[in-house]
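A.B. asks: Here you go, start.pdb (PDB, C-alpha atoms, pLDDT in the B column):
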```pdb
ATOM      1  CA  MET A   1       0.000   0.000   0.000  1.00 72.00           C
ATOM      2  CA  PHE A   2       2.750   2.482   0.989  1.00 86.00           C
ATOM      3  CA  LYS A   3       4.914   1.578  -2.038  1.00 88.00           C
ATOM      4  CA  GLU A   4       1.979   2.021  -4.435  1.00 91.00           C
ATOM      5  CA  LYS A   5       1.210   5.466  -2.959  1.00 91.00           C
ATOM      6  CA  VAL A   6       4.847   6.593  -3.300  1.00 92.00           C
ATOM      7  CA  LEU A   7       5.052   5.250  -6.864  1.00 92.00           C
ATOM      8  CA  GLU A   8       1.833   7.057  -7.801  1.00 93.00           C
ATOM      9  CA  LEU A   9       3.195  10.344  -6.398  1.00 93.00           C
ATOM     10  CA  LEU A  10       6.511   9.796  -8.189  1.00 94.00           C
ATOM     11  CA  GLU A  11       4.840   9.133 -11.545  1.00 94.00           C
ATOM     12  CA  GLY A  12       2.737  12.278 -11.119  1.00 93.00           C
ATOM     13  CA  ALA A  13       5.831  14.363 -10.359  1.00 93.00           C
ATOM     14  CA  LEU A  14       7.689  12.947 -13.377  1.00 94.00           C
ATOM     15  CA  LYS A  15       4.787  13.968 -15.651  1.00 94.00           C
ATOM     16  CA  GLU A  16       5.426  17.584 -14.618  1.00 92.00           C
ATOM     17  CA  ASN A  17       8.852  17.460 -16.320  1.00 90.00           C
ATOM     18  CA  GLU A  18       8.911  14.974 -19.207  1.00 91.00           C
ATOM     19  CA  SER A  19      12.677  15.391 -19.762  1.00 93.00           C
ATOM     20  CA  ILE A  20      13.370  13.705 -16.391  1.00 94.00           C
ATOM     21  CA  PHE A  21      13.020   9.921 -16.152  1.00 94.00           C
ATOM     22  CA  LEU A  22      13.307   7.236 -13.492  1.00 95.00           C
ATOM     23  CA  ILE A  23      16.376   5.011 -13.323  1.00 94.00           C
ATOM     24  CA  ASP A  24      15.838   3.290  -9.971  1.00 94.00           C
ATOM     25  CA  PHE A  25      13.192   3.243  -7.244  1.00 95.00           C
ATOM     26  CA  THR A  26      13.444   1.201  -4.046  1.00 94.00           C
ATOM     27  CA  ILE A  27      11.900   1.176  -0.611  1.00 93.00           C
ATOM     28  CA  GLY A  28      14.250  -0.467   1.852  1.00 92.00           C
ATOM     29  CA  PRO A  29      14.027  -1.425   5.513  1.00 91.00           C
ATOM     30  CA  ALA A  30      12.470   1.198   7.791  1.00 89.00           C
ATOM     31  CA  ASN A  31      10.732   2.737   4.721  1.00 90.00           C
ATOM     32  CA  LYS A  32      13.914   4.257   3.286  1.00 94.00           C
ATOM     33  CA  ILE A  33      12.756   5.552  -0.105  1.00 94.00           C
ATOM     34  CA  SER A  34      15.565   5.848  -2.653  1.00 96.00           C
ATOM     35  CA  ILE A  35      14.947   7.407  -6.080  1.00 96.00           C
ATOM     36  CA  THR A  36      17.556   7.811  -8.829  1.00 95.00           C
ATOM     37  CA  LEU A  37      16.787  10.049 -11.801  1.00 95.00           C
ATOM     38  CA  ASP A  38      18.318  10.969 -15.137  1.00 95.00           C
ATOM     39  CA  GLY A  39      17.269  13.474 -17.754  1.00 93.00           C
ATOM     40  CA  ASP A  40      17.544  14.126 -21.464  1.00 91.00           C
ATOM     41  CA  THR A  41      19.564  17.240 -20.639  1.00 89.00           C
ATOM     42  CA  GLY A  42      20.785  16.088 -17.230  1.00 88.00           C
ATOM     43  CA  VAL A  43      19.274  16.488 -13.770  1.00 93.00           C
ATOM     44  CA  ASN A  44      19.899  19.520 -11.588  1.00 93.00           C
ATOM     45  CA  LEU A  45      19.270  20.202  -7.929  1.00 94.00           C
ATOM     46  CA  LYS A  46      15.930  21.933  -8.642  1.00 94.00           C
ATOM     47  CA  ASP A  47      14.684  18.788 -10.399  1.00 94.00           C
ATOM     48  CA  CYS A  48      15.561  16.615  -7.387  1.00 95.00           C
ATOM     49  CA  ILE A  49      13.949  19.106  -4.991  1.00 95.00           C
ATOM     50  CA  ALA A  50      10.743  19.206  -7.057  1.00 94.00           C
ATOM     51  CA  ILE A  51      10.424  15.405  -7.035  1.00 95.00           C
ATOM     52  CA  ASN A  52      11.261  15.275  -3.320  1.00 95.00           C
ATOM     53  CA  ARG A  53       8.622  17.892  -2.437  1.00 94.00           C
ATOM     54  CA  ALA A  54       5.952  16.278  -4.619  1.00 93.00           C
ATOM     55  CA  ILE A  55       6.347  13.029  -2.698  1.00 93.00           C
ATOM     56  CA  GLU A  56       7.148  14.232   0.821  1.00 93.00           C
ATOM     57  CA  SER A  57       4.376  16.834   0.993  1.00 91.00           C
ATOM     58  CA  ASN A  58       1.762  14.218   0.106  1.00 92.00           C
ATOM     59  CA  LEU A  59       2.788  11.577   2.646  1.00 89.00           C
ATOM     60  CA  ASP A  60       1.774  11.681   6.303  1.00 87.00           C
ATOM     61  CA  ARG A  61       4.568  10.857   8.743  1.00 83.00           C
ATOM     62  CA  GLU A  62       1.899  10.179  11.387  1.00 85.00           C
ATOM     63  CA  GLU A  63       0.616   7.266   9.297  1.00 86.00           C
ATOM     64  CA  GLU A  64       3.961   5.923   8.085  1.00 86.00           C
ATOM     65  CA  ASP A  65       7.465   6.991   9.105  1.00 90.00           C
ATOM     66  CA  PHE A  66       9.910   7.189   6.188  1.00 92.00           C
ATOM     67  CA  SER A  67      13.111   8.738   4.879  1.00 93.00           C
ATOM     68  CA  LEU A  68      13.407  10.007   1.311  1.00 94.00           C
ATOM     69  CA  GLU A  69      16.483  10.343  -0.900  1.00 95.00           C
ATOM     70  CA  VAL A  70      16.227  11.726  -4.444  1.00 95.00           C
ATOM     71  CA  ALA A  71      19.445  11.779  -6.489  1.00 95.00           C
ATOM     72  CA  SER A  72      20.707  11.954 -10.046  1.00 94.00           C
ATOM     73  CA  VAL A  73      22.848   9.276 -11.652  1.00 93.00           C
ATOM     74  CA  GLY A  74      26.586   9.683 -11.267  1.00 88.00           C
ATOM     75  CA  ALA A  75      28.878  10.628 -14.131  1.00 83.00           C
ATOM     76  CA  THR A  76      30.379   7.128 -14.255  1.00 84.00           C
ATOM     77  CA  THR A  77      27.231   5.167 -13.442  1.00 90.00           C
ATOM     78  CA  PRO A  78      26.559   2.455 -16.056  1.00 94.00           C
ATOM     79  CA  MET A  79      23.709   3.217 -18.447  1.00 94.00           C
ATOM     80  CA  VAL A  80      20.610   1.070 -18.112  1.00 91.00           C
ATOM     81  CA  MET A  81      18.056   2.616 -20.500  1.00 91.00           C
ATOM     82  CA  PRO A  82      18.112   3.317 -24.262  1.00 92.00           C
ATOM     83  CA  ARG A  83      17.116   6.910 -23.488  1.00 92.00           C
ATOM     84  CA  GLN A  84      20.440   7.413 -21.673  1.00 94.00           C
ATOM     85  CA  TYR A  85      22.421   6.389 -24.758  1.00 95.00           C
ATOM     86  CA  LYS A  86      20.590   8.881 -26.965  1.00 93.00           C
ATOM     87  CA  LYS A  87      21.600  11.805 -24.766  1.00 91.00           C
ATOM     88  CA  ASN A  88      25.261  10.703 -24.869  1.00 93.00           C
ATOM     89  CA  ILE A  89      25.705  10.592 -28.663  1.00 94.00           C
ATOM     90  CA  GLY A  90      29.108  12.078 -29.508  1.00 95.00           C
ATOM     91  CA  ARG A  91      30.708  11.031 -26.213  1.00 94.00           C
ATOM     92  CA  GLU A  92      33.281   8.307 -25.671  1.00 96.00           C
ATOM     93  CA  LEU A  93      31.940   5.070 -24.169  1.00 96.00           C
ATOM     94  CA  GLU A  94      33.349   1.876 -22.757  1.00 96.00           C
ATOM     95  CA  VAL A  95      31.086  -1.033 -23.703  1.00 96.00           C
ATOM     96  CA  LYS A  96      31.481  -4.532 -22.237  1.00 96.00           C
ATOM     97  CA  THR A  97      29.958  -7.512 -24.013  1.00 94.00           C
ATOM     98  CA  LEU A  98      30.559 -11.256 -23.948  1.00 91.00           C
ATOM     99  CA  GLY A  99      32.809 -10.654 -26.973  1.00 89.00           C
ATOM    100  CA  GLY A 100      35.083  -8.243 -25.122  1.00 93.00           C
ATOM    101  CA  LYS A 101      35.518  -4.613 -24.156  1.00 95.00           C
ATOM    102  CA  PHE A 102      35.217  -1.814 -26.712  1.00 96.00           C
ATOM    103  CA  GLU A 103      35.972   1.906 -26.442  1.00 96.00           C
ATOM    104  CA  GLY A 104      34.778   4.387 -29.008  1.00 96.00           C
ATOM    105  CA  ILE A 105      32.609   7.354 -29.844  1.00 97.00           C
ATOM    106  CA  LEU A 106      28.871   6.744 -29.628  1.00 97.00           C
ATOM    107  CA  THR A 107      27.640   7.789 -33.072  1.00 97.00           C
ATOM    108  CA  GLU A 108      24.121   6.343 -33.137  1.00 96.00           C
ATOM    109  CA  ALA A 109      21.523   5.147 -30.640  1.00 95.00           C
ATOM    110  CA  ASN A 110      18.021   3.845 -31.279  1.00 94.00           C
ATOM    111  CA  ASP A 111      15.536   1.604 -29.481  1.00 91.00           C
ATOM    112  CA  GLN A 112      17.367  -1.584 -30.564  1.00 94.00           C
ATOM    113  CA  GLY A 113      21.014  -0.709 -29.953  1.00 96.00           C
ATOM    114  CA  ILE A 114      23.994   1.573 -30.496  1.00 97.00           C
ATOM    115  CA  THR A 115      26.862   2.165 -32.911  1.00 97.00           C
ATOM    116  CA  LEU A 116      30.431   2.852 -31.762  1.00 97.00           C
ATOM    117  CA  GLU A 117      33.264   4.170 -33.934  1.00 97.00           C
ATOM    118  CA  TRP A 118      36.990   4.223 -33.128  1.00 95.00           C
ATOM    119  CA  LYS A 119      40.398   4.231 -34.762  1.00 94.00           C
ATOM    120  CA  ALA A 120      42.733   1.244 -34.532  1.00 91.00           C
ATOM    121  CA  ARG A 121      46.260   0.413 -35.705  1.00 91.00           C
ATOM    122  CA  GLU A 122      46.456  -2.696 -37.855  1.00 90.00           C
ATOM    123  CA  PRO A 123      49.217  -4.334 -39.896  1.00 90.00           C
ATOM    124  CA  LYS A 124      49.460  -3.127 -43.496  1.00 89.00           C
ATOM    125  CA  PRO A 125      47.929  -5.521 -46.019  1.00 85.00           C
ATOM    126  CA  ILE A 126      51.197  -5.522 -47.942  1.00 85.00           C
ATOM    127  CA  GLY A 127      54.616  -4.830 -46.467  1.00 84.00           C
ATOM    128  CA  LYS A 128      55.791  -4.003 -42.984  1.00 88.00           C
ATOM    129  CA  GLY A 129      54.360  -1.490 -40.568  1.00 88.00           C
ATOM    130  CA  LYS A 130      50.909  -0.520 -39.428  1.00 91.00           C
ATOM    131  CA  VAL A 131      48.150   1.671 -40.750  1.00 90.00           C
ATOM    132  CA  THR A 132      45.367   3.497 -38.867  1.00 91.00           C
ATOM    133  CA  VAL A 133      41.892   2.276 -39.812  1.00 92.00           C
ATOM    134  CA  GLN A 134      38.435   3.510 -38.852  1.00 94.00           C
ATOM    135  CA  LYS A 135      36.351   0.832 -37.098  1.00 94.00           C
ATOM    136  CA  LYS A 136      32.588   0.799 -36.668  1.00 96.00           C
ATOM    137  CA  GLN A 137      30.497  -1.723 -34.760  1.00 95.00           C
ATOM    138  CA  GLU A 138      26.848  -2.030 -33.875  1.00 95.00           C
ATOM    139  CA  PHE A 139      25.695  -3.507 -30.561  1.00 96.00           C
ATOM    140  CA  ILE A 140      22.157  -4.568 -29.653  1.00 95.00           C
ATOM    141  CA  PHE A 141      21.124  -3.765 -26.102  1.00 95.00           C
ATOM    142  CA  SER A 142      20.684  -7.432 -25.126  1.00 94.00           C
ATOM    143  CA  ASP A 143      24.398  -8.039 -25.893  1.00 94.00           C
ATOM    144  CA  ILE A 144      25.636  -5.116 -23.763  1.00 95.00           C
ATOM    145  CA  GLN A 145      26.616  -6.191 -20.246  1.00 96.00           C
ATOM    146  CA  GLU A 146      27.726  -2.703 -19.160  1.00 95.00           C
ATOM    147  CA  ALA A 147      28.258   0.667 -20.815  1.00 96.00           C
ATOM    148  CA  LYS A 148      29.752   3.784 -19.231  1.00 95.00           C
ATOM    149  CA  VAL A 149      30.794   7.207 -20.412  1.00 94.00           C
ATOM    150  CA  ILE A 150      34.584   7.654 -20.314  1.00 94.00           C
ATOM    151  CA  ILE A 151      35.496  10.900 -18.616  1.00 91.00           C
ATOM    152  CA  LYS A 152      38.856  12.421 -19.507  1.00 84.00           C
ATOM    153  CA  PHE A 153      40.438  15.466 -17.918  1.00 85.00           C
TER     154      PHE A 153
END
```
Starting from the coordinates I provided, produce the structure as structure tokens.

C.D. replies:
Amino acid sequence: MFKEKVLELLEGALKENESIFLIDFTIGPANKISITLDGDTGVNLKDCIAINRAIESNLDREEEDFSLEVASVGATTPMVMPRQYKKNIGRELEVKTLGGKFEGILTEANDQGITLEWKAREPKPIGKGKVTVQKKQEFIFSDIQEAKVIIKF
């Protein structure tokens, strides 16, 4: 009953700002509500406060004691939804699959999968030495075990 009420309030608050979407929602022991958000253009503090207020102001602590934590995903948190890939087109990703680990620029993202492009050094077809070649590979979401944005300073 309590979880359904919180989820209903959360869904209502998310409808107020369609660019924000839910990544994770849990209610742990002692009614510790934990909500993780992401957004098409990121999530700022005002977004987290708005979601927090929409939920907290509509729950009665006299009926049910709870704690509430609303946060945005971290910069290096693995992506879990196709919508997250779309907002990261043009950024460098590390993608782990059963076939190995790949690093490249995310050039395309749709509802089925993604496309990565990178440069690699390979032996020349004729003669000694190596040549730089452009690589491109498509991945379907079911094959991706983990994908993270690579942050370089």

A.B. asks: Near region 53-60 of chain A, counting only C-alpha atoms, which residues have an atom at most 12 Å away, once you skip same-chain residues fewer than 3 positions from it, shown as a PDB file with C-alpha atoms, keeping the file's coordinate frame?

C.D. replies:
```pdb
ATOM      1  CA  PHE A   2       2.750   2.482   0.989  1.00 86.00           C
ATOM      2  CA  LYS A   3       4.914   1.578  -2.038  1.00 88.00           C
ATOM      3  CA  GLU A   4       1.979   2.021  -4.435  1.00 91.00           C
ATOM      4  CA  LYS A   5       1.210   5.466  -2.959  1.00 91.00           C
ATOM      5  CA  VAL A   6       4.847   6.593  -3.300  1.00 92.00           C
ATOM      6  CA  LEU A   7       5.052   5.250  -6.864  1.00 92.00           C
ATOM      7  CA  GLU A   8       1.833   7.057  -7.801  1.00 93.00           C
ATOM      8  CA  LEU A   9       3.195  10.344  -6.398  1.00 93.00           C
ATOM      9  CA  LEU A  10       6.511   9.796  -8.189  1.00 94.00           C
ATOM     10  CA  GLU A  11       4.840   9.133 -11.545  1.00 94.00           C
ATOM     11  CA  GLY A  12       2.737  12.278 -11.119  1.00 93.00           C
ATOM     12  CA  ALA A  13       5.831  14.363 -10.359  1.00 93.00           C
ATOM     13  CA  LEU A  14       7.689  12.947 -13.377  1.00 94.00           C
ATOM     14  CA  LYS A  15       4.787  13.968 -15.651  1.00 94.00           C
ATOM     15  CA  GLU A  16       5.426  17.584 -14.618  1.00 92.00           C
ATOM     16  CA  ILE A  33      12.756   5.552  -0.105  1.00 94.00           C
ATOM     17  CA  SER A  34      15.565   5.848  -2.653  1.00 96.00           C
ATOM     18  CA  ILE A  35      14.947   7.407  -6.080  1.00 96.00           C
ATOM     19  CA  LYS A  46      15.930  21.933  -8.642  1.00 94.00           C
ATOM     20  CA  ASP A  47      14.684  18.788 -10.399  1.00 94.00           C
ATOM     21  CA  CYS A  48      15.561  16.615  -7.387  1.00 95.00           C
ATOM     22  CA  ILE A  49      13.949  19.106  -4.991  1.00 95.00           C
ATOM     23  CA  ALA A  50      10.743  19.206  -7.057  1.00 94.00           C
ATOM     24  CA  GLU A  63       0.616   7.266   9.297  1.00 86.00           C
ATOM     25  CA  GLU A  64       3.961   5.923   8.085  1.00 86.00           C
ATOM     26  CA  ASP A  65       7.465   6.991   9.105  1.00 90.00           C
ATOM     27  CA  PHE A  66       9.910   7.189   6.188  1.00 92.00           C
ATOM     28  CA  SER A  67      13.111   8.738   4.879  1.00 93.00           C
ATOM     29  CA  LEU A  68      13.407  10.007   1.311  1.00 94.00           C
ATOM     30  CA  GLU A  69      16.483  10.343  -0.900  1.00 95.00           C
ATOM     31  CA  VAL A  70      16.227  11.726  -4.444  1.00 95.00           C
TER      32      VAL A  70
END
```

A.B. asks: Which residues come within 7 Å of Thr36 (chain A), counting only C-alpha atoms, excluding same-chain residues fewer than 3 positions away, as a VMD selection string?

C.D. replies: chain A and resid 22 to 25 70 to 73

A.B. asks: Using only C-alpha atoms, pick whichever of A:Gly104, A:Pro78, A:Pro29, A:Gly113 has the shortest atom-to-atom distance to Phe141 (chain A).

C.D. replies: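 Using only C-alpha atoms, Phe141 (chain A) sits closest to A:Gly113.
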
A.B. asks: Compare A:Leu45, A:Ala30, A:Leu116, A:Met1 by their minimum atom-to-atom distance to Phe102 (chain A), counting only C-alpha atoms, and give me the closest one.

C.D. replies: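 Ranking A:Leu45, A:Ala30, A:Leu116, A:Met1 by distance to Phe102 (chain A), first place goes to A:Leu116.
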
A.B. asks: Which neighbours of Met79 (chain A) fall inside 9 Å, counting only C-alpha atoms, when residues of the same chain fewer than 5 positions from it are skipped, and could you give them as a ChimeraX atom specification?

C.D. replies: /A:84-85,146-149

A.B. asks: One decimal, Å: what's the distance from CA of Gly39 (chain A) over to CA of Lys136 (chain A), could you say?

C.D. replies: 27.4 Å

A.B. asks: If we count all atoms listed in the file and set the cut-off at 8 Å, which residues sit around Glu108 (chain A), ignoring sequence neighbours fewer than 3 positions away in its own chain? Please answer as number ranges by chain.

C.D. replies: A: 86, 89, 114-116

A.B. asks: Just region 58-124 of chain A, please, as a PDB file, in the first residue's frame (only C-alpha atoms).

C.D. replies:
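Dumped to selection_7.pdb:
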```
ATOM      1  CA  ASN A  58       1.762  14.218   0.106  1.00  0.00           C
ATOM      2  CA  LEU A  59       2.788  11.577   2.646  1.00  0.00           C
ATOM      3  CA  ASP A  60       1.774  11.681   6.303  1.00  0.00           C
ATOM      4  CA  ARG A  61       4.568  10.857   8.743  1.00  0.00           C
ATOM      5  CA  GLU A  62       1.899  10.179  11.387  1.00  0.00           C
ATOM      6  CA  GLU A  63       0.616   7.266   9.297  1.00  0.00           C
ATOM      7  CA  GLU A  64       3.961   5.923   8.085  1.00  0.00           C
ATOM      8  CA  ASP A  65       7.465   6.991   9.105  1.00  0.00           C
ATOM      9  CA  PHE A  66       9.910   7.189   6.188  1.00  0.00           C
ATOM     10  CA  SER A  67      13.111   8.738   4.879  1.00  0.00           C
ATOM     11  CA  LEU A  68      13.407  10.007   1.311  1.00  0.00           C
ATOM     12  CA  GLU A  69      16.483  10.343  -0.900  1.00  0.00           C
ATOM     13  CA  VAL A  70      16.227  11.726  -4.444  1.00  0.00           C
ATOM     14  CA  ALA A  71      19.445  11.779  -6.489  1.00  0.00           C
ATOM     15  CA  SER A  72      20.707  11.954 -10.046  1.00  0.00           C
ATOM     16  CA  VAL A  73      22.848   9.276 -11.652  1.00  0.00           C
ATOM     17  CA  GLY A  74      26.586   9.683 -11.267  1.00  0.00           C
ATOM     18  CA  ALA A  75      28.878  10.628 -14.131  1.00  0.00           C
ATOM     19  CA  THR A  76      30.379   7.128 -14.255  1.00  0.00           C
ATOM     20  CA  THR A  77      27.231   5.167 -13.442  1.00  0.00           C
ATOM     21  CA  PRO A  78      26.559   2.455 -16.056  1.00  0.00           C
ATOM     22  CA  MET A  79      23.709   3.217 -18.447  1.00  0.00           C
ATOM     23  CA  VAL A  80      20.610   1.070 -18.112  1.00  0.00           C
ATOM     24  CA  MET A  81      18.056   2.616 -20.500  1.00  0.00           C
ATOM     25  CA  PRO A  82      18.112   3.317 -24.262  1.00  0.00           C
ATOM     26  CA  ARG A  83      17.116   6.910 -23.488  1.00  0.00           C
ATOM     27  CA  GLN A  84      20.440   7.413 -21.673  1.00  0.00           C
ATOM     28  CA  TYR A  85      22.421   6.389 -24.758  1.00  0.00           C
ATOM     29  CA  LYS A  86      20.590   8.881 -26.965  1.00  0.00           C
ATOM     30  CA  LYS A  87      21.600  11.805 -24.766  1.00  0.00           C
ATOM     31  CA  ASN A  88      25.261  10.703 -24.869  1.00  0.00           C
ATOM     32  CA  ILE A  89      25.705  10.592 -28.663  1.00  0.00           C
ATOM     33  CA  GLY A  90      29.108  12.078 -29.508  1.00  0.00           C
ATOM     34  CA  ARG A  91      30.708  11.031 -26.213  1.00  0.00           C
ATOM     35  CA  GLU A  92      33.281   8.307 -25.671  1.00  0.00           C
ATOM     36  CA  LEU A  93      31.940   5.070 -24.169  1.00  0.00           C
ATOM     37  CA  GLU A  94      33.349   1.876 -22.757  1.00  0.00           C
ATOM     38  CA  VAL A  95      31.086  -1.033 -23.703  1.00  0.00           C
ATOM     39  CA  LYS A  96      31.481  -4.532 -22.237  1.00  0.00           C
ATOM     40  CA  THR A  97      29.958  -7.512 -24.013  1.00  0.00           C
ATOM     41  CA  LEU A  98      30.559 -11.256 -23.948  1.00  0.00           C
ATOM     42  CA  GLY A  99      32.809 -10.654 -26.973  1.00  0.00           C
ATOM     43  CA  GLY A 100      35.083  -8.243 -25.122  1.00  0.00           C
ATOM     44  CA  LYS A 101      35.518  -4.613 -24.156  1.00  0.00           C
ATOM     45  CA  PHE A 102      35.217  -1.814 -26.712  1.00  0.00           C
ATOM     46  CA  GLU A 103      35.972   1.906 -26.442  1.00  0.00           C
ATOM     47  CA  GLY A 104      34.778   4.387 -29.008  1.00  0.00           C
ATOM     48  CA  ILE A 105      32.609   7.354 -29.844  1.00  0.00           C
ATOM     49  CA  LEU A 106      28.871   6.744 -29.628  1.00  0.00           C
ATOM     50  CA  THR A 107      27.640   7.789 -33.072  1.00  0.00           C
ATOM     51  CA  GLU A 108      24.121   6.343 -33.137  1.00  0.00           C
ATOM     52  CA  ALA A 109      21.523   5.147 -30.640  1.00  0.00           C
ATOM     53  CA  ASN A 110      18.021   3.845 -31.279  1.00  0.00           C
ATOM     54  CA  ASP A 111      15.536   1.604 -29.481  1.00  0.00           C
ATOM     55  CA  GLN A 112      17.367  -1.584 -30.564  1.00  0.00           C
ATOM     56  CA  GLY A 113      21.014  -0.709 -29.953  1.00  0.00           C
ATOM     57  CA  ILE A 114      23.994   1.573 -30.496  1.00  0.00           C
ATOM     58  CA  THR A 115      26.862   2.165 -32.911  1.00  0.00           C
ATOM     59  CA  LEU A 116      30.431   2.852 -31.762  1.00  0.00           C
ATOM     60  CA  GLU A 117      33.264   4.170 -33.934  1.00  0.00           C
ATOM     61  CA  TRP A 118      36.990   4.223 -33.128  1.00  0.00           C
ATOM     62  CA  LYS A 119      40.398   4.231 -34.762  1.00  0.00           C
ATOM     63  CA  ALA A 120      42.733   1.244 -34.532  1.00  0.00           C
ATOM     64  CA  ARG A 121      46.260   0.413 -35.705  1.00  0.00           C
ATOM     65  CA  GLU A 122      46.456  -2.696 -37.855  1.00  0.00           C
ATOM     66  CA  PRO A 123      49.217  -4.334 -39.896  1.00  0.00           C
ATOM     67  CA  LYS A 124      49.460  -3.127 -43.496  1.00  0.00           C
TER      68      LYS A 124
END
```
